[in-house]
Every structure is written in structure tokens, then in C-alpha cells.
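*Asks:* Here you go, one structure.
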Amino acid sequence: MIFKSSATLRGGLMLIGSMSIIGLVDNFILFIADEGGVWQFYLMRAMIACLMISGYLVYRKHQLRANHFWWVALRSMLMAIAVLIYFIAISFLPIAVAGAILFTSPIFLLIFSVLIFRTRIGGWRILAVISGFVGITLVLKPDPQDLNILILVPVLAGIMYAIGQLVTRHRCANEDTLVLLFGFFLVTGVLGLLGVVVLSVFPDLQRVNTEDSFVSTGWVKPSGEFLFWTMIQAIGSLIAVSGLIRAYQIAEPTYIAVFEYSFIVFAGFWGWVIWNEVLDSTAITGVVTIITAGVIITIRTAKSEAA
């Protein structure tokens with residue numbers, strides 16, 4: 001039974017609610033990509049989110065204090081980089097595919113747990129890891145005639161996300177939700193600022209009207225549409241990420257992590273409604289394979305920890 005307690009049920013429902021919000025607002029990235037670059041978006045989204053968190057802190061007379069500052073900083077950096085790579089991937093991949101690759105994290109989480117913590121695993125989880133990598137190949141469909149290392153860049157999001165989860169679980173489990181939330185958005189702002197500065201100092205790096213313009217566009221005068229969608233994305237992400245963090249604090253992570261995969265369903269649905277994105281049979285097979293592998297790993301891990 002996944003629902004071992006009312007806390008597990010609440011955490012699972014909170015996780016599904018958070019994923020439904022993220023699945024919707026992440027589809028707005030394509031509106032934003034038409035108006036500016038990922039670095040400016042990352043910077044402005046962080047400014048909006050941090051201002052909102054600061055306003056809440058002032059209202060509640062609450063002070064932020066990390067128990068383990070450097071672990072929170074590391075966790076924030078890992079998560080911020082993972083989401084940055086994921087946003088970049090959305091600009092050239094269907095959101096359901098990009099999301100499926102991001103949520104390969106249980107596969108890498110298991111691998112790192114074996115390598116770092118010497119976790120013992122059985123045949124089911126070994127099979128799931130192998131199946132997960134088959135799923136990655138199916139969704140990315142690399143062309144043997146034109147192999148490019150860049151096709152593997154989205155997989156880095158899953159790797160970074162997995163390491164971030166390890167740090168969250170083993171070093172930040174007792175941190176204040178607002179500390180983790182503020183830290184995440186603050187680091188995203190720093191990354192966005194760095195990107196904008198580098199592209200301003202080295203304008204030759206910028207490219208216009210190319211497929212990678214979302215990555216290589218520096219600061220531009222923000223249009224009303226850019227500001228609107230960035231605001232909506234920031235508010236939605238702030239609500240969803242806070243709900244996600246809280247879900248993992250009130251319930252055992254190994255019992256509710258499986259519900260993160262609802263994101264792919266929500267993202268795929270809204271991608272179809274808003275952008276008419278329809279995956280071919282190979283990509284669908286790959287997504288289903290990745291989800292199945294992740295679910296098996298999550299359930300088997302929960303059972304082994306309960307034993």
C-alpha cells in the first residue's frame with residue numbers, strides 16, 4: 001500500500017496538485033522564448049519570486065535561517081541548474097519529452113545511491129535502470145548518422161535533479177521550507193544575472209533568429225507579453241515548488257515520489273491543448289518506459305526501506 005497514513009495521502013495529493021500547476025505554467029515557456037532569452041527570464045522570474053517570499057516573511061515576521069548553509073546552497077545550485085537545462089530543452093523538445101527526461105532522476109538517484117551509499121538493489125531495480133535508458137534513447141531518437149553530444153544535454157537535467165534530491169534527503173531534510181524555496185529562486189536569479197552579463201560583455205556570443213536563440217539572447221527590452229507570462233510562470237512555480245517541498249516534508253519521500261510522474265501527464269495534456277504537440281508512437285513508448293522504470297524503482301525502494 002502506498003498510502004500508509006493520512007500524512008502520505010496528504011503528501012501525495014499535494015504533490016499531484018503541485019505537478020498539475022507546473023505542467024500548465026511550464027507550457028508558457030514557449031511564449032516567453034518568442035520574446036526574450038532564458039537568462040533574462042531566469043533573472044526576472046527569480047526577482048518576482050524572491051520579492052513575493054520577502055513580502056510574506058515581512059508580513060509573518062519570520063526570519064530565514066539555514067541550519068546548514070552550504071548544504072542548502074549546494075542543493076539550490078543543483079536544482080537551479082537542473083531546471084535551467086530543462087527550460088532550455090523545452091525550447092526545442094515537446095514538453096512531455098523534456099519532462100520525461102527530467103524525471104529520469106529516480107534512475108540516476110538509484111545509481112548514485114549504489115555508488116555513494118552502497119545501497120543494495122535486486123533484479124527488479126536493475127531491470128528498471130536498463131529499461132529507463134532504453135526509454136531515454138526512444139524519446140531522444142539520436143540519429144547514428146549525425147551523433148551530437150548536445151542531444152544528451154537534457155539528460156544532465158535528470159542527473160543534476162537526482163543529486164539535488166540526494167542532498168535534500170540526506171542533508172536538508174530538517175530545513176525550513178521557505179529557506180529551501182528562497183535559496184532555489186535566489187540561485188536561479190544569480191545564474192540568470194551571470195548569463196545576461198556574459199552575453200552583454202561578449203555580444204558576439206549572441207545569435208539572432210536561430211534555433212538556439214533562447215539560450216544565446218541576452219538582455220532585451222522586456223515586452224508586455226514577456227513580463228505577463230514571466231509573472232504568471234513565477235507565481236505558478238512559487239506555489240507549486242512550495243507545495244512540492246512541503247509534500248516531501250510531511251510524508252515519507254519514498255512513498256510519494258511516484259506521484260511526481262503525474263507531471264508528464266499534465267504537461268503532455270496542456271502541450272496538446274495549447275501547442276498541439278502530439279508525440280509519435282516511438283516517443284510515447286519511450287515516455288511510458290521511463291515512467292514505468294521510475295515507478296518500479298520508487299516502489300521497490302519504498303519496500304526495501306520498509307523491510
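Going by the C-alpha cells order, chains are called A, B, ..., each with residues numbered from 1, while ligands are numbered from 1 in the order shown.
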Please identify all polymer residues within 12 Å of region 67-76 of chain A, counting only C-alpha atoms, omitting same-chain residues fewer than 6 positions from it, and present them as a PyMOL selection string.
*Replies:* chain A and resi 82-84+160-191
*Asks:* Give me the residues within 12 Å of Gly218 (chain A) as a PDB file with C-alpha atoms, in the first residue's frame, counting only C-alpha atoms and dropping any in the same chain fewer than 4 places off.
*Replies:*
```pdb
ATOM      1  CA  ALA A  33      11.030  32.180 -25.674  1.00  0.00           C
ATOM      2  CA  GLU A  35      10.093  37.434 -26.608  1.00  0.00           C
ATOM      3  CA  GLY A  36      13.458  37.009 -24.872  1.00  0.00           C
ATOM      4  CA  GLY A  37      16.179  34.677 -23.630  1.00  0.00           C
ATOM      5  CA  VAL A  38      16.325  32.094 -20.872  1.00  0.00           C
ATOM      6  CA  TRP A  39      18.825  34.119 -18.810  1.00  0.00           C
ATOM      7  CA  GLN A  40      16.632  37.216 -18.656  1.00  0.00           C
ATOM      8  CA  PHE A  41      13.628  35.018 -17.900  1.00  0.00           C
ATOM      9  CA  TYR A  42      15.511  33.221 -15.117  1.00  0.00           C
ATOM     10  CA  LEU A  43      16.621  36.540 -13.610  1.00  0.00           C
ATOM     11  CA  GLY A 192      20.267  34.428 -14.863  1.00  0.00           C
ATOM     12  CA  LEU A 193      22.275  37.535 -13.978  1.00  0.00           C
ATOM     13  CA  LEU A 194      25.547  35.802 -14.867  1.00  0.00           C
ATOM     14  CA  GLY A 195      24.159  34.744 -18.227  1.00  0.00           C
ATOM     15  CA  VAL A 196      22.904  38.240 -19.033  1.00  0.00           C
ATOM     16  CA  VAL A 197      26.229  39.822 -18.008  1.00  0.00           C
ATOM     17  CA  VAL A 198      28.325  37.366 -20.045  1.00  0.00           C
ATOM     18  CA  LEU A 199      26.217  37.890 -23.159  1.00  0.00           C
ATOM     19  CA  SER A 200      26.399  41.671 -22.666  1.00  0.00           C
ATOM     20  CA  VAL A 201      30.186  41.668 -22.225  1.00  0.00           C
ATOM     21  CA  PHE A 202      30.670  39.279 -25.150  1.00  0.00           C
ATOM     22  CA  PRO A 203      27.950  40.271 -27.640  1.00  0.00           C
ATOM     23  CA  ASP A 204      29.487  38.023 -30.317  1.00  0.00           C
ATOM     24  CA  LEU A 205      28.089  35.083 -28.376  1.00  0.00           C
ATOM     25  CA  GLN A 206      24.588  36.263 -29.130  1.00  0.00           C
ATOM     26  CA  ARG A 207      22.754  34.875 -32.113  1.00  0.00           C
ATOM     27  CA  VAL A 208      19.539  36.198 -33.555  1.00  0.00           C
ATOM     28  CA  SER A 213      18.263  31.998 -29.656  1.00  0.00           C
ATOM     29  CA  PHE A 214      16.528  31.222 -26.352  1.00  0.00           C
ATOM     30  CA  PRO A 222      11.017  43.274 -21.962  1.00  0.00           C
TER      31      PRO A 222
END
```
*Asks:* Run DSSP on the backbone of this structure and report the residues of region 45-289 of chain A it assigns to alpha helix (DSSP H), as a ChimeraX atom specification.
*Replies:* /A:45-60,69-90,95-102,105-117,123-140,153-171,177-201,213-216,224-250,253-256,262-275,281-289
*Asks:* Sorted by chain and rising residue number, which residues of region 68-101 of chain A lie within 8 Å of region 261-269 of chain A, and what are their closest atom pairs and distances in Å to one decimal, counting only C-alpha atoms, as CSV?
*Replies:*
```
residue,atom,partner,partner_atom,distance
A:Ile95,CA,A:Ala267,CA,6.3
A:Ala96,CA,A:Gly268,CA,4.7
A:Gly99,CA,A:Ile264,CA,5.9
A:Ala100,CA,A:Ile264,CA,6.4
```
*Asks:* Taking into account only C-alpha atoms, which residue in the set A:Ala46, A:Ile274, A:Ile116, A:Val155 is nearest to Gly23 (chain A)?
*Replies:*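 That would be A:Ile274, the residue with the smallest distance to Gly23 (chain A).
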*Asks:* To one decimal place in Å, what is the distance between CA of Met14 (chain A) and CA of Ile235 (chain A)?
*Replies:*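 CA of Met14 (chain A) sits 16.8 Å away from CA of Ile235 (chain A).
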*Asks:* Write out as a ChimeraX atom specification the residues lying within 12 Å of Ile130 (chain A), counting only C-alpha atoms and excluding same-chain residues fewer than 4 positions away.
*Replies:* /A:104,107-108,110-111,123-126,134-137,289-290,292-294,296-297
